[in-house]
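Dropping structure.csv in here (CSV, C-alpha atoms):
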chain,number,residue,atom,x,y,z
A,1,MET,CA,-12.0,24.4,211.3
A,2,THR,CA,-10.0,24.5,214.5
A,3,GLU,CA,-7.4,22.1,215.9
A,4,ALA,CA,-7.6,19.8,212.8
A,5,THR,CA,-4.1,18.6,213.4
A,6,GLY,CA,-4.6,15.2,211.9
A,7,VAL,CA,-2.5,13.9,214.8
A,8,CYS,CA,-3.7,11.6,217.6
A,9,PRO,CA,-2.1,12.8,220.9
A,10,LEU,CA,-1.0,9.3,221.7
A,11,SER,CA,2.3,7.9,220.5
A,12,ARG,CA,2.4,4.9,218.2
A,13,GLU,CA,3.3,2.7,221.2
A,14,GLN,CA,0.5,4.0,223.3
A,15,ILE,CA,-2.0,3.5,220.5
A,16,VAL,CA,-1.0,-0.1,220.2
A,17,ALA,CA,-1.1,-0.6,223.9
A,18,GLN,CA,-4.5,0.9,224.2
A,19,TYR,CA,-6.3,-0.6,221.2
A,20,PHE,CA,-4.5,-3.7,220.0
A,21,LEU,CA,-6.4,-6.3,221.9
A,22,GLU,CA,-9.7,-4.8,221.1
A,23,HIS,CA,-9.0,-4.8,217.4
A,24,ARG,CA,-7.3,-8.2,217.5
A,25,ALA,CA,-10.7,-9.5,218.8
A,26,ARG,CA,-12.6,-7.7,216.0
A,27,LEU,CA,-10.3,-9.2,213.4
A,28,LEU,CA,-10.9,-12.7,214.8
A,29,ASP,CA,-14.7,-12.0,214.7
A,30,ILE,CA,-14.3,-11.3,210.9
A,31,ALA,CA,-12.2,-14.4,210.4
A,32,ALA,CA,-14.8,-16.5,212.3
A,33,PHE,CA,-17.6,-15.0,210.2
A,34,LEU,CA,-15.9,-16.0,207.0
A,35,ASP,CA,-15.2,-19.5,208.5
A,36,ARG,CA,-18.9,-19.7,209.4
A,37,LEU,CA,-19.9,-18.9,205.8
A,38,ASP,CA,-17.6,-21.8,204.6
A,39,ARG,CA,-19.5,-24.1,207.0
A,40,ALA,CA,-23.0,-22.9,205.9
A,41,ALA,CA,-25.6,-25.6,205.7
A,42,GLY,CA,-26.2,-26.5,202.1
A,43,GLY,CA,-23.2,-24.5,200.7
A,44,GLY,CA,-24.8,-21.7,198.7
A,45,VAL,CA,-23.6,-19.0,196.5
A,46,PRO,CA,-21.6,-16.0,197.8
A,47,ASP,CA,-23.7,-13.0,198.4
A,48,PHE,CA,-22.7,-9.6,197.0
A,49,ARG,CA,-22.2,-8.4,200.6
A,50,GLU,CA,-19.6,-11.1,201.2
A,51,GLN,CA,-17.7,-10.0,198.1
A,52,ALA,CA,-17.9,-6.4,199.2
A,53,LEU,CA,-16.5,-7.4,202.6
A,54,LEU,CA,-13.6,-9.2,201.0
A,55,GLN,CA,-12.9,-6.2,198.8
A,56,ALA,CA,-12.9,-4.0,201.8
A,57,LEU,CA,-10.4,-6.2,203.6
A,58,ARG,CA,-8.0,-6.0,200.7
A,59,LEU,CA,-8.5,-2.2,200.8
A,60,VAL,CA,-7.8,-2.1,204.6
A,61,ALA,CA,-4.5,-3.9,204.0
A,62,ASP,CA,-3.3,-1.9,201.0
A,63,GLY,CA,-1.2,0.5,203.1
A,64,GLY,CA,-2.9,3.6,201.6
A,65,PRO,CA,-4.3,6.6,203.6
A,66,GLN,CA,-8.0,7.3,204.5
A,67,ARG,CA,-8.9,3.7,204.8
A,68,THR,CA,-12.2,4.4,206.7
A,69,ALA,CA,-13.5,6.8,204.1
A,70,ARG,CA,-12.4,4.5,201.3
A,71,VAL,CA,-14.2,1.5,202.8
A,72,LEU,CA,-17.3,3.6,203.3
A,73,ASN,CA,-17.2,4.7,199.7
A,74,LEU,CA,-16.7,1.1,198.6
A,75,PHE,CA,-19.9,0.2,200.3
A,76,SER,CA,-21.8,3.2,199.0
A,77,ASP,CA,-24.4,3.6,196.3
A,78,MET,CA,-22.7,5.7,193.6
A,79,SER,CA,-25.7,5.7,191.2
A,80,GLU,CA,-27.4,8.9,190.0
A,81,GLN,CA,-30.9,7.7,189.5
A,82,LEU,CA,-33.7,8.1,192.0
A,83,PRO,CA,-36.5,5.6,192.4
A,84,GLN,CA,-39.9,7.1,192.7
A,85,SER,CA,-40.9,5.2,195.8
A,86,ALA,CA,-39.3,3.3,198.7
A,87,HIS,CA,-42.1,0.8,198.6
A,88,GLY,CA,-40.7,-2.6,199.7
A,89,MET,CA,-37.2,-1.3,200.5
A,90,LYS,CA,-37.3,0.6,203.8
A,91,GLY,CA,-34.1,-0.8,205.3
A,92,ALA,CA,-30.5,-0.6,204.1
A,93,LEU,CA,-28.3,-3.6,203.5
A,94,GLY,CA,-24.8,-2.1,203.9
A,95,ALA,CA,-23.5,-2.7,200.4
A,96,VAL,CA,-24.7,-2.3,196.8
A,97,LYS,CA,-25.5,-5.0,194.3
A,98,PRO,CA,-22.8,-4.7,191.6
A,99,ALA,CA,-25.0,-5.9,188.8
A,100,THR,CA,-27.5,-3.0,189.1
A,101,GLY,CA,-25.6,-0.3,191.0
A,102,VAL,CA,-28.8,0.1,192.9
A,103,THR,CA,-29.5,-1.2,196.4
A,104,VAL,CA,-32.1,-3.9,196.8
B,1,MET,CA,-18.7,17.3,234.1
B,2,LYS,CA,-21.7,18.5,232.0
B,3,TYR,CA,-22.8,17.6,228.6
B,4,ILE,CA,-25.8,18.0,226.2
B,5,ASP,CA,-27.1,15.1,224.2
B,6,PRO,CA,-28.6,17.0,221.2
B,7,HIS,CA,-30.2,14.0,219.5
B,8,ILE,CA,-31.9,11.3,221.4
B,9,HIS,CA,-35.3,9.7,221.2
B,10,MET,CA,-36.4,9.6,224.8
B,11,VAL,CA,-39.9,8.5,224.1
B,12,SER,CA,-38.3,5.1,223.4
B,13,ARG,CA,-36.2,5.1,226.6
B,14,THR,CA,-37.1,4.2,230.2
B,15,THR,CA,-37.1,6.7,233.0
B,16,ASP,CA,-34.0,5.1,234.6
B,17,ASP,CA,-32.2,6.2,231.4
B,18,TYR,CA,-32.9,9.8,232.4
B,19,GLN,CA,-31.6,9.0,235.8
B,20,ARG,CA,-28.3,7.5,234.5
B,21,MET,CA,-27.9,10.4,232.0
B,22,ALA,CA,-28.4,12.9,234.8
B,23,GLN,CA,-25.9,11.1,237.0
B,24,SER,CA,-23.4,11.2,234.1
B,25,GLY,CA,-23.7,14.9,233.7
B,26,CYS,CA,-26.4,15.4,231.1
B,27,ILE,CA,-28.1,18.8,231.5
B,28,ALA,CA,-30.2,18.9,228.4
B,29,VAL,CA,-31.4,16.8,225.5
B,30,THR,CA,-33.1,17.6,222.2
B,31,GLU,CA,-35.4,15.1,220.7
B,32,PRO,CA,-36.2,15.1,217.0
B,33,ALA,CA,-39.4,13.5,215.7
B,34,PHE,CA,-38.7,10.1,214.1
B,35,TRP,CA,-40.0,6.7,213.1
B,36,ALA,CA,-41.5,4.5,215.7
B,37,GLY,CA,-40.3,1.3,214.1
B,38,PHE,CA,-43.6,0.9,212.3
B,39,ASP,CA,-45.6,3.2,210.1
B,40,ARG,CA,-48.4,5.1,211.8
B,41,SER,CA,-51.7,4.8,210.0
B,42,SER,CA,-53.1,8.3,210.5
B,43,ALA,CA,-52.1,11.9,210.9
B,44,GLN,CA,-53.8,11.8,214.3
B,45,GLY,CA,-51.1,9.4,215.5
B,46,PHE,CA,-48.6,12.1,214.8
B,47,HIS,CA,-50.7,14.7,216.6
B,48,ASP,CA,-50.6,12.5,219.7
B,49,TYR,CA,-46.8,12.0,219.2
B,50,PHE,CA,-46.2,15.7,218.9
B,51,ARG,CA,-48.2,16.3,222.2
B,52,GLN,CA,-46.0,13.6,223.8
B,53,LEU,CA,-42.9,15.4,222.7
B,54,THR,CA,-44.0,18.9,223.7
B,55,GLU,CA,-46.0,18.2,226.9
B,56,TYR,CA,-45.0,14.9,228.5
B,57,GLU,CA,-41.3,14.4,227.8
B,58,PRO,CA,-40.2,17.8,229.2
B,59,ARG,CA,-41.9,16.9,232.5
B,60,ARG,CA,-40.4,13.5,232.7
B,61,ALA,CA,-36.9,14.9,232.0
B,62,ALA,CA,-37.4,17.7,234.5
B,63,LEU,CA,-37.7,15.1,237.3
B,64,PHE,CA,-34.0,14.6,236.9
B,65,GLY,CA,-33.0,18.2,236.3
B,66,ILE,CA,-32.6,17.7,232.5
B,67,ARG,CA,-34.0,20.2,230.1
B,68,HIS,CA,-35.9,18.6,227.2
B,69,PHE,CA,-36.3,20.3,223.8
B,70,THR,CA,-37.8,18.9,220.6
B,71,TRP,CA,-37.9,19.1,216.8
B,72,LEU,CA,-41.0,18.3,214.8
B,73,CYS,CA,-41.5,16.8,211.3
B,74,ILE,CA,-42.5,13.7,209.4
B,75,ASN,CA,-39.4,11.6,209.2
B,76,PRO,CA,-38.2,10.3,205.8
B,77,LYS,CA,-39.1,6.7,206.6
B,78,GLU,CA,-42.8,7.6,206.7
B,79,ALA,CA,-42.7,10.3,204.0
B,80,ASP,CA,-42.9,8.0,201.0
B,81,ASP,CA,-46.7,8.7,200.6
B,82,PRO,CA,-46.8,12.4,199.7
B,83,ALA,CA,-50.5,12.9,200.5
B,84,PHE,CA,-50.2,11.3,203.9
B,85,ALA,CA,-47.0,13.2,204.6
B,86,ARG,CA,-48.7,16.5,203.8
B,87,ASP,CA,-51.5,15.8,206.3
B,88,VAL,CA,-48.8,15.4,208.9
B,89,VAL,CA,-46.8,18.5,207.9
B,90,ALA,CA,-50.0,20.5,208.1
B,91,LEU,CA,-50.2,19.7,211.8
B,92,ILE,CA,-46.7,21.2,212.6
B,93,PRO,CA,-47.3,25.0,212.5
B,94,GLN,CA,-49.7,24.8,215.5
B,95,PHE,CA,-46.9,23.2,217.6
B,96,LEU,CA,-44.1,25.5,216.5
B,97,LYS,CA,-45.2,28.1,219.1
B,98,CYS,CA,-44.6,25.6,222.0
B,99,ASP,CA,-41.9,26.7,224.4
B,100,THR,CA,-39.6,23.7,223.8
B,101,VAL,CA,-39.8,23.3,220.0
B,102,LEU,CA,-36.5,24.4,218.5
B,103,GLY,CA,-37.2,23.7,214.8
B,104,ILE,CA,-37.9,21.2,212.0
B,105,GLY,CA,-36.3,17.8,212.3
B,106,GLU,CA,-35.1,15.2,211.7
B,107,ILE,CA,-36.0,15.7,208.1
B,108,GLY,CA,-33.9,14.1,205.3
B,109,LEU,CA,-33.9,11.1,203.1
B,110,ASN,CA,-34.0,7.3,203.8
B,111,LYS,CA,-33.9,5.5,200.4
B,112,ASN,CA,-33.2,8.5,198.3
B,113,THR,CA,-36.5,8.4,196.4
B,114,LYS,CA,-38.3,11.1,194.5
B,115,ASN,CA,-41.2,11.0,196.9
B,116,GLU,CA,-39.0,11.5,199.9
B,117,LEU,CA,-37.2,14.4,198.2
B,118,ILE,CA,-40.6,16.1,197.5
B,119,ILE,CA,-41.5,16.0,201.2
B,120,LEU,CA,-38.0,17.0,202.3
B,121,GLU,CA,-38.3,20.1,200.1
B,122,GLU,CA,-41.7,21.0,201.4
B,123,GLN,CA,-40.4,20.7,205.0
B,124,ILE,CA,-37.4,22.9,204.2
B,125,ARG,CA,-39.9,25.5,202.9
B,126,LEU,CA,-41.9,25.2,206.2
B,127,ALA,CA,-38.7,25.9,208.1
B,128,GLU,CA,-38.0,28.8,205.8
B,129,GLU,CA,-41.5,30.3,206.2
B,130,HIS,CA,-41.4,30.0,210.0
B,131,ASN,CA,-37.7,30.9,210.4
B,132,GLN,CA,-36.9,27.6,212.1
B,133,LEU,CA,-33.6,25.8,212.7
B,134,ILE,CA,-33.3,22.5,210.9
B,135,LEU,CA,-31.9,19.1,212.1
B,136,VAL,CA,-31.2,16.7,209.2
B,137,HIS,CA,-31.2,12.9,209.1
B,138,THR,CA,-28.9,11.4,206.6
B,139,PRO,CA,-29.6,7.9,205.3
B,140,HIS,CA,-27.7,4.9,206.7
B,141,LEU,CA,-25.1,2.6,205.3
B,142,GLU,CA,-24.9,2.4,201.5
B,143,ASP,CA,-27.4,5.2,201.0
B,144,LYS,CA,-25.6,7.8,203.1
B,145,ARG,CA,-23.1,9.2,200.5
B,146,LYS,CA,-25.7,9.8,197.8
B,147,GLY,CA,-28.4,10.9,200.2
B,148,THR,CA,-26.2,13.4,202.0
B,149,ARG,CA,-25.3,15.1,198.7
B,150,LEU,CA,-29.0,15.2,197.6
B,151,ILE,CA,-30.0,16.7,200.9
B,152,MET,CA,-27.3,19.4,200.9
B,153,ASP,CA,-28.3,20.4,197.3
B,154,ALA,CA,-32.0,20.7,198.4
B,155,LEU,CA,-30.9,22.8,201.4
B,156,SER,CA,-28.7,25.0,199.4
B,157,ALA,CA,-31.6,25.8,197.0
B,158,SER,CA,-33.4,27.4,200.0
B,159,SER,CA,-32.6,30.8,201.5
B,160,ILE,CA,-31.7,29.3,204.9
B,161,ASP,CA,-28.3,30.1,206.2
B,162,PRO,CA,-26.3,26.8,206.4
B,163,GLY,CA,-25.2,27.9,209.8
B,164,ARG,CA,-28.7,27.3,211.0
B,165,ILE,CA,-28.8,23.7,209.7
B,166,LEU,CA,-27.2,20.6,211.4
B,167,ILE,CA,-26.6,17.6,209.2
B,168,ASP,CA,-26.5,14.5,211.4
B,169,HIS,CA,-25.1,11.0,211.2
B,170,VAL,CA,-22.0,12.2,209.3
B,171,GLU,CA,-19.2,9.7,208.8
B,172,GLU,CA,-15.7,9.8,207.4
B,173,HIS,CA,-16.9,9.9,203.8
B,174,THR,CA,-19.4,12.8,204.3
B,175,VAL,CA,-18.1,15.0,207.1
B,176,ALA,CA,-15.7,17.1,205.0
B,177,ASP,CA,-18.4,18.0,202.4
B,178,VAL,CA,-20.9,18.9,205.1
B,179,LEU,CA,-18.4,21.3,206.9
B,180,ASP,CA,-17.0,22.7,203.7
B,181,ARG,CA,-20.5,23.8,202.6
B,182,GLY,CA,-21.0,25.7,205.9
B,183,PHE,CA,-23.4,23.3,207.6
B,184,TRP,CA,-23.0,22.0,211.2
B,185,ALA,CA,-22.2,18.3,211.4
B,186,GLY,CA,-23.4,15.7,214.0
B,187,MET,CA,-21.7,12.4,214.7
B,188,THR,CA,-24.0,9.7,216.0
B,189,LEU,CA,-22.4,7.2,218.4
B,190,TYR,CA,-24.2,3.9,217.9
B,191,PRO,CA,-23.0,0.5,219.0
B,192,ASP,CA,-23.3,-1.4,215.8
B,193,THR,CA,-24.2,0.6,212.6
B,194,LYS,CA,-22.8,4.1,213.0
B,195,MET,CA,-19.8,5.7,214.7
B,196,THR,CA,-17.9,4.4,217.7
B,197,PRO,CA,-16.5,6.9,220.3
B,198,GLN,CA,-13.1,6.0,218.9
B,199,ARG,CA,-13.9,7.0,215.4
B,200,ALA,CA,-15.6,10.2,216.6
B,201,ALA,CA,-12.5,11.2,218.4
B,202,ASP,CA,-10.5,10.4,215.2
B,203,VAL,CA,-12.8,12.7,213.2
B,204,ILE,CA,-12.3,15.6,215.7
B,205,GLU,CA,-8.5,15.1,215.3
B,206,MET,CA,-8.8,15.1,211.5
B,207,TYR,CA,-11.4,17.8,210.9
B,208,GLY,CA,-11.3,20.0,214.0
B,209,SER,CA,-13.9,21.0,216.5
B,210,GLU,CA,-15.7,23.8,214.8
B,211,ARG,CA,-19.4,23.3,213.9
B,212,ILE,CA,-19.4,19.7,215.0
B,213,TRP,CA,-21.1,17.8,217.8
B,214,MET,CA,-21.7,14.3,219.1
B,215,ASN,CA,-25.0,12.6,220.0
B,216,SER,CA,-26.3,9.1,221.0
B,217,ALA,CA,-29.4,9.1,218.8
B,218,GLY,CA,-30.6,6.6,221.4
B,219,ASP,CA,-33.9,5.1,220.4
B,220,TRP,CA,-35.8,1.8,220.4
B,221,GLY,CA,-33.0,-0.1,218.6
B,222,CYS,CA,-29.6,-1.3,220.0
B,223,SER,CA,-28.3,2.1,221.1
B,224,ASP,CA,-26.6,3.7,224.1
B,225,PRO,CA,-28.0,6.7,226.0
B,226,LEU,CA,-24.6,7.1,227.6
B,227,ALA,CA,-22.7,7.2,224.4
B,228,VAL,CA,-21.7,10.9,224.7
B,229,PRO,CA,-20.0,10.5,228.1
B,230,LYS,CA,-18.3,7.5,226.7
B,231,ALA,CA,-16.9,9.6,223.9
B,232,ARG,CA,-15.8,12.2,226.4
B,233,LEU,CA,-13.9,9.4,228.2
B,234,GLU,CA,-12.3,8.2,225.0
B,235,MET,CA,-11.1,11.7,224.2
B,236,LYS,CA,-9.7,12.1,227.8
B,237,ARG,CA,-7.9,8.7,227.5
B,238,ARG,CA,-6.1,10.1,224.4
B,239,GLY,CA,-5.0,13.1,226.3
B,240,HIS,CA,-7.2,15.7,224.7
B,241,SER,CA,-7.8,18.9,226.8
B,242,LEU,CA,-11.0,19.3,228.8
B,243,SER,CA,-11.7,22.5,226.9
B,244,LEU,CA,-11.7,20.6,223.6
B,245,ILE,CA,-13.9,17.8,225.1
B,246,ASP,CA,-16.3,20.4,226.5
B,247,ARG,CA,-16.4,22.2,223.2
B,248,VAL,CA,-17.7,19.3,221.2
B,249,THR,CA,-20.1,17.9,223.8
B,250,LEU,CA,-21.4,21.1,225.5
B,251,ASP,CA,-20.3,24.4,224.0
B,252,ASN,CA,-21.0,23.6,220.4
B,253,PRO,CA,-24.4,22.1,221.0
B,254,ARG,CA,-25.2,25.2,223.1
B,255,THR,CA,-24.0,27.6,220.4
B,256,PHE,CA,-26.0,26.0,217.6
B,257,LEU,CA,-29.1,25.4,219.6
B,258,SER,CA,-29.0,29.0,221.1
B,259,GLN,CA,-29.9,30.3,217.7
B,260,SER,CA,-33.4,29.5,218.8
B,261,PRO,CA,-34.5,31.9,221.4
B,262,LYS,CA,-36.3,29.1,223.1
B,263,PHE,CA,-33.1,27.2,224.0
B,264,ARG,CA,-32.3,28.3,227.5
B,265,LEU,CA,-30.4,26.4,230.2
B,266,ASP,CA,-30.8,26.9,233.9
B,267,ALA,CA,-28.1,29.1,235.5
B,268,GLU,CA,-26.2,26.1,236.7
B,269,GLY,CA,-26.0,24.6,233.3
B,270,ALA,CA,-25.3,27.8,231.4
Is it possible to give me this structure as structure tokens?
Amino acid sequence: MTEATGVCPLSREQIVAQYFLEHRARLLDIAAFLDRLDRAAGGGVPDFREQALLQALRLVADGGPQRTARVLNLFSDMSEQLPQSAHGMKGALGAVKPATGVTV
Amino acid sequence: MKYIDPHIHMVSRTTDDYQRMAQSGCIAVTEPAFWAGFDRSSAQGFHDYFRQLTEYEPRRAALFGIRHFTWLCINPKEADDPAFARDVVALIPQFLKCDTVLGIGEIGLNKNTKNELIILEEQIRLAEEHNQLILVHTPHLEDKRKGTRLIMDALSASSIDPGRILIDHVEEHTVADVLDRGFWAGMTLYPDTKMTPQRAADVIEMYGSERIWMNSAGDWGCSDPLAVPKARLEMKRRGHSLSLIDRVTLDNPRTFLSQSPKFRLDAEGA
């Protein structure tokens, strides 16, 4: 592989100047989504996807490397078994049900 | 500025998208067969679709100076019924001789089922028998990691050179495996569910520019037919060289696709 320097040509200051406002807005979207869940009509029980999202937020803030790949792996189906058919489950949900290890 | 969008579903796009793409520098597109958003009820529906891809779309693209090429298959979302899928696969050989058909694609998995895997393996054999390039669809979201590994194992069991196979929709958790095993990798720039131009530029910085391309995979969903020029702009804003930008959006697609003798660009685009 060529030119895999691992380095972004921009300085740290330039990266912040170029991207901070955009990502500040995205973070506020996540905060507002969580607030909206708190205000959900009728209360309700947290969905496995909410829990996966909170887990991912903790991972993002842990200071470790390769956050994107680790978040993607966190949301991934790690099971080995293959269902025979996709009948009734054409779409993907974005996270895995912890109880079964299989997507619904 | 010139670029190739090597994965876009133009049958789902309006003619003014061709115009905007041409104005943005697009000189060629390749269109894999895919799912129409609902399941077709007969193999005849696919026959009509394959005619649209091989006869109608090249003419529509040519109105704007864009070369249109295509890939044929039954996509994994409609391949869960093996008997039905085999009826569709049986139609493909008659179309492989068309001037703009580059290979078999986008084949792969959707929900990582045994039925999907059977039809994937049969379409890999079809490509093998007819010496065709392959374009691979990897599953979305939580199914991608597992599906990508299953697909690569199925491909590695064939005699096809991995350099003749492009595995699309890679993300940060799959790209290294795909490249390490000798395949080409495609990054799909999609507004909501796949990669952003920013993340695609990150991947180029982390994994290099060899055997990798970008595409919009624009289709009937929320997608952006101008995603590739937007990624070019993102790389330019970061200070990447024009030669690197051209490599991942023009030269690499041309190199991979030129393994098919049918892939030819006009003198101006070459």
Can you check which parts of chain B lie within 6 Å of chain A? Per residue, the shortest pair of atoms and distance in Å to one decimal, counting only C-alpha atoms, sorted by chain and number, as a Markdown table.
| residue | atom | partner | partner_atom | distance |
| --- | --- | --- | --- | --- |
| B:Thr113 | CA | A:Pro83 | CA | 4.9 |
| B:Lys114 | CA | A:Gln84 | CA | 4.7 |
| B:Asn115 | CA | A:Gln84 | CA | 5.9 |
| B:Leu141 | CA | A:Gly94 | CA | 4.9 |
| B:Glu142 | CA | A:Ser76 | CA | 4.1 |
| B:Asp143 | CA | A:Asp77 | CA | 5.8 |
| B:Glu172 | CA | A:Ala69 | CA | 5.0 |
| B:His173 | CA | A:Ala69 | CA | 4.6 |
| B:Glu205 | CA | A:Gly6 | CA | 5.2 |
| B:Met206 | CA | A:Gly6 | CA | 4.2 |
| B:Tyr207 | CA | A:Ala4 | CA | 4.7 |
| B:Gly208 | CA | A:Ala4 | CA | 3.9 |
| B:Ser209 | CA | A:Thr2 | CA | 5.6 |
| B:Glu210 | CA | A:Met1 | CA | 5.1 |
| B:Arg238 | CA | A:Leu10 | CA | 5.8 |
Output C-alpha atoms of each residue in that selection to a file, as a PDB file, in the coordinates of the input.
ATOM      1  CA  THR B 113     -36.500   8.400 196.400  1.00  0.00           C
ATOM      2  CA  LYS B 114     -38.300  11.100 194.500  1.00  0.00           C
ATOM      3  CA  ASN B 115     -41.200  11.000 196.900  1.00  0.00           C
ATOM      4  CA  LEU B 141     -25.100   2.600 205.300  1.00  0.00           C
ATOM      5  CA  GLU B 142     -24.900   2.400 201.500  1.00  0.00           C
ATOM      6  CA  ASP B 143     -27.400   5.200 201.000  1.00  0.00           C
ATOM      7  CA  GLU B 172     -15.700   9.800 207.400  1.00  0.00           C
ATOM      8  CA  HIS B 173     -16.900   9.900 203.800  1.00  0.00           C
ATOM      9  CA  GLU B 205      -8.500  15.100 215.300  1.00  0.00           C
ATOM     10  CA  MET B 206      -8.800  15.100 211.500  1.00  0.00           C
ATOM     11  CA  TYR B 207     -11.400  17.800 210.900  1.00  0.00           C
ATOM     12  CA  GLY B 208     -11.300  20.000 214.000  1.00  0.00           C
ATOM     13  CA  SER B 209     -13.900  21.000 216.500  1.00  0.00           C
ATOM     14  CA  GLU B 210     -15.700  23.800 214.800  1.00  0.00           C
ATOM     15  CA  ARG B 238      -6.100  10.100 224.400  1.00  0.00           C
TER      16      ARG B 238
END
(request) Give me the residues within 9 Å of segment 92-96 of chain B as a PyMOL selection string, counting all atoms listed in the file and dropping any in the same chain fewer than 6 places off. (result) chain B and resi 47+50-51+54+71-73+102-104+126+130+132
(message) Quick check, in Å to one decimal: how far apart do atom CA of Phe263 of chain B and atom CA of Thr100 of chain B lie?
(response)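 Interatomic distance, atom CA of Phe263 of chain B to atom CA of Thr100 of chain B: 7.4 Å.
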(request) Record the distance separating atom CA of Thr30 of chain B and atom CA of Met195 of chain B, expressed in Å with one decimal. (result) 19.4 Å
From the structure block, carefully write segment 33-48 of chain A out with N, CA and C atoms; format it as a PDB file, in the first residue's frame.
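So the final result, stored in part.pdb, reads:
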ATOM      1  N   PHE A  33     -30.965  13.686  20.883  1.00  0.00           N
ATOM      2  CA  PHE A  33     -31.600  12.374  20.680  1.00  0.00           C
ATOM      3  C   PHE A  33     -31.805  11.681  22.028  1.00  0.00           C
ATOM      4  N   LEU A  34     -30.790  11.730  22.877  1.00  0.00           N
ATOM      5  CA  LEU A  34     -30.908  11.093  24.197  1.00  0.00           C
ATOM      6  C   LEU A  34     -31.955  11.824  25.052  1.00  0.00           C
ATOM      7  N   ASP A  35     -31.977  13.158  24.972  1.00  0.00           N
ATOM      8  CA  ASP A  35     -33.002  13.928  25.697  1.00  0.00           C
ATOM      9  C   ASP A  35     -34.401  13.555  25.206  1.00  0.00           C
ATOM     10  N   ARG A  36     -34.525  13.360  23.898  1.00  0.00           N
ATOM     11  CA  ARG A  36     -35.823  13.006  23.298  1.00  0.00           C
ATOM     12  C   ARG A  36     -36.296  11.659  23.814  1.00  0.00           C
ATOM     13  N   LEU A  37     -35.349  10.741  23.959  1.00  0.00           N
ATOM     14  CA  LEU A  37     -35.710   9.421  24.510  1.00  0.00           C
ATOM     15  C   LEU A  37     -36.242   9.576  25.933  1.00  0.00           C
ATOM     16  N   ASP A  38     -35.617  10.481  26.707  1.00  0.00           N
ATOM     17  CA  ASP A  38     -36.090  10.718  28.077  1.00  0.00           C
ATOM     18  C   ASP A  38     -37.517  11.256  28.088  1.00  0.00           C
ATOM     19  N   ARG A  39     -37.871  11.979  27.043  1.00  0.00           N
ATOM     20  CA  ARG A  39     -39.199  12.614  26.995  1.00  0.00           C
ATOM     21  C   ARG A  39     -40.212  11.758  26.233  1.00  0.00           C
ATOM     22  N   ALA A  40     -39.826  10.531  25.889  1.00  0.00           N
ATOM     23  CA  ALA A  40     -40.702   9.687  25.058  1.00  0.00           C
ATOM     24  C   ALA A  40     -42.057   9.479  25.726  1.00  0.00           C
ATOM     25  N   ALA A  41     -43.103   9.580  24.924  1.00  0.00           N
ATOM     26  CA  ALA A  41     -44.460   9.402  25.447  1.00  0.00           C
ATOM     27  C   ALA A  41     -44.591   8.001  26.041  1.00  0.00           C
ATOM     28  N   GLY A  42     -45.082   7.930  27.245  1.00  0.00           N
ATOM     29  CA  GLY A  42     -45.330   6.628  27.865  1.00  0.00           C
ATOM     30  C   GLY A  42     -44.096   5.988  28.466  1.00  0.00           C
ATOM     31  N   GLY A  43     -42.961   6.698  28.485  1.00  0.00           N
ATOM     32  CA  GLY A  43     -41.753   6.138  29.096  1.00  0.00           C
ATOM     33  C   GLY A  43     -41.136   5.052  28.227  1.00  0.00           C
ATOM     34  N   GLY A  44     -41.359   3.812  28.590  1.00  0.00           N
ATOM     35  CA  GLY A  44     -40.815   2.694  27.799  1.00  0.00           C
ATOM     36  C   GLY A  44     -39.509   2.179  28.359  1.00  0.00           C
ATOM     37  N   VAL A  45     -39.079   1.046  27.813  1.00  0.00           N
ATOM     38  CA  VAL A  45     -37.855   0.379  28.269  1.00  0.00           C
ATOM     39  C   VAL A  45     -36.739   0.673  27.276  1.00  0.00           C
ATOM     40  N   PRO A  46     -35.522   0.917  27.754  1.00  0.00           N
ATOM     41  CA  PRO A  46     -34.424   1.183  26.805  1.00  0.00           C
ATOM     42  C   PRO A  46     -34.234   0.033  25.809  1.00  0.00           C
ATOM     43  N   ASP A  47     -34.085   0.393  24.563  1.00  0.00           N
ATOM     44  CA  ASP A  47     -33.859  -0.557  23.477  1.00  0.00           C
ATOM     45  C   ASP A  47     -32.377  -0.942  23.463  1.00  0.00           C
ATOM     46  N   PHE A  48     -32.063  -2.127  22.932  1.00  0.00           N
ATOM     47  CA  PHE A  48     -30.657  -2.552  22.873  1.00  0.00           C
ATOM     48  C   PHE A  48     -29.796  -1.599  22.059  1.00  0.00           C
TER      49      PHE A  48
END
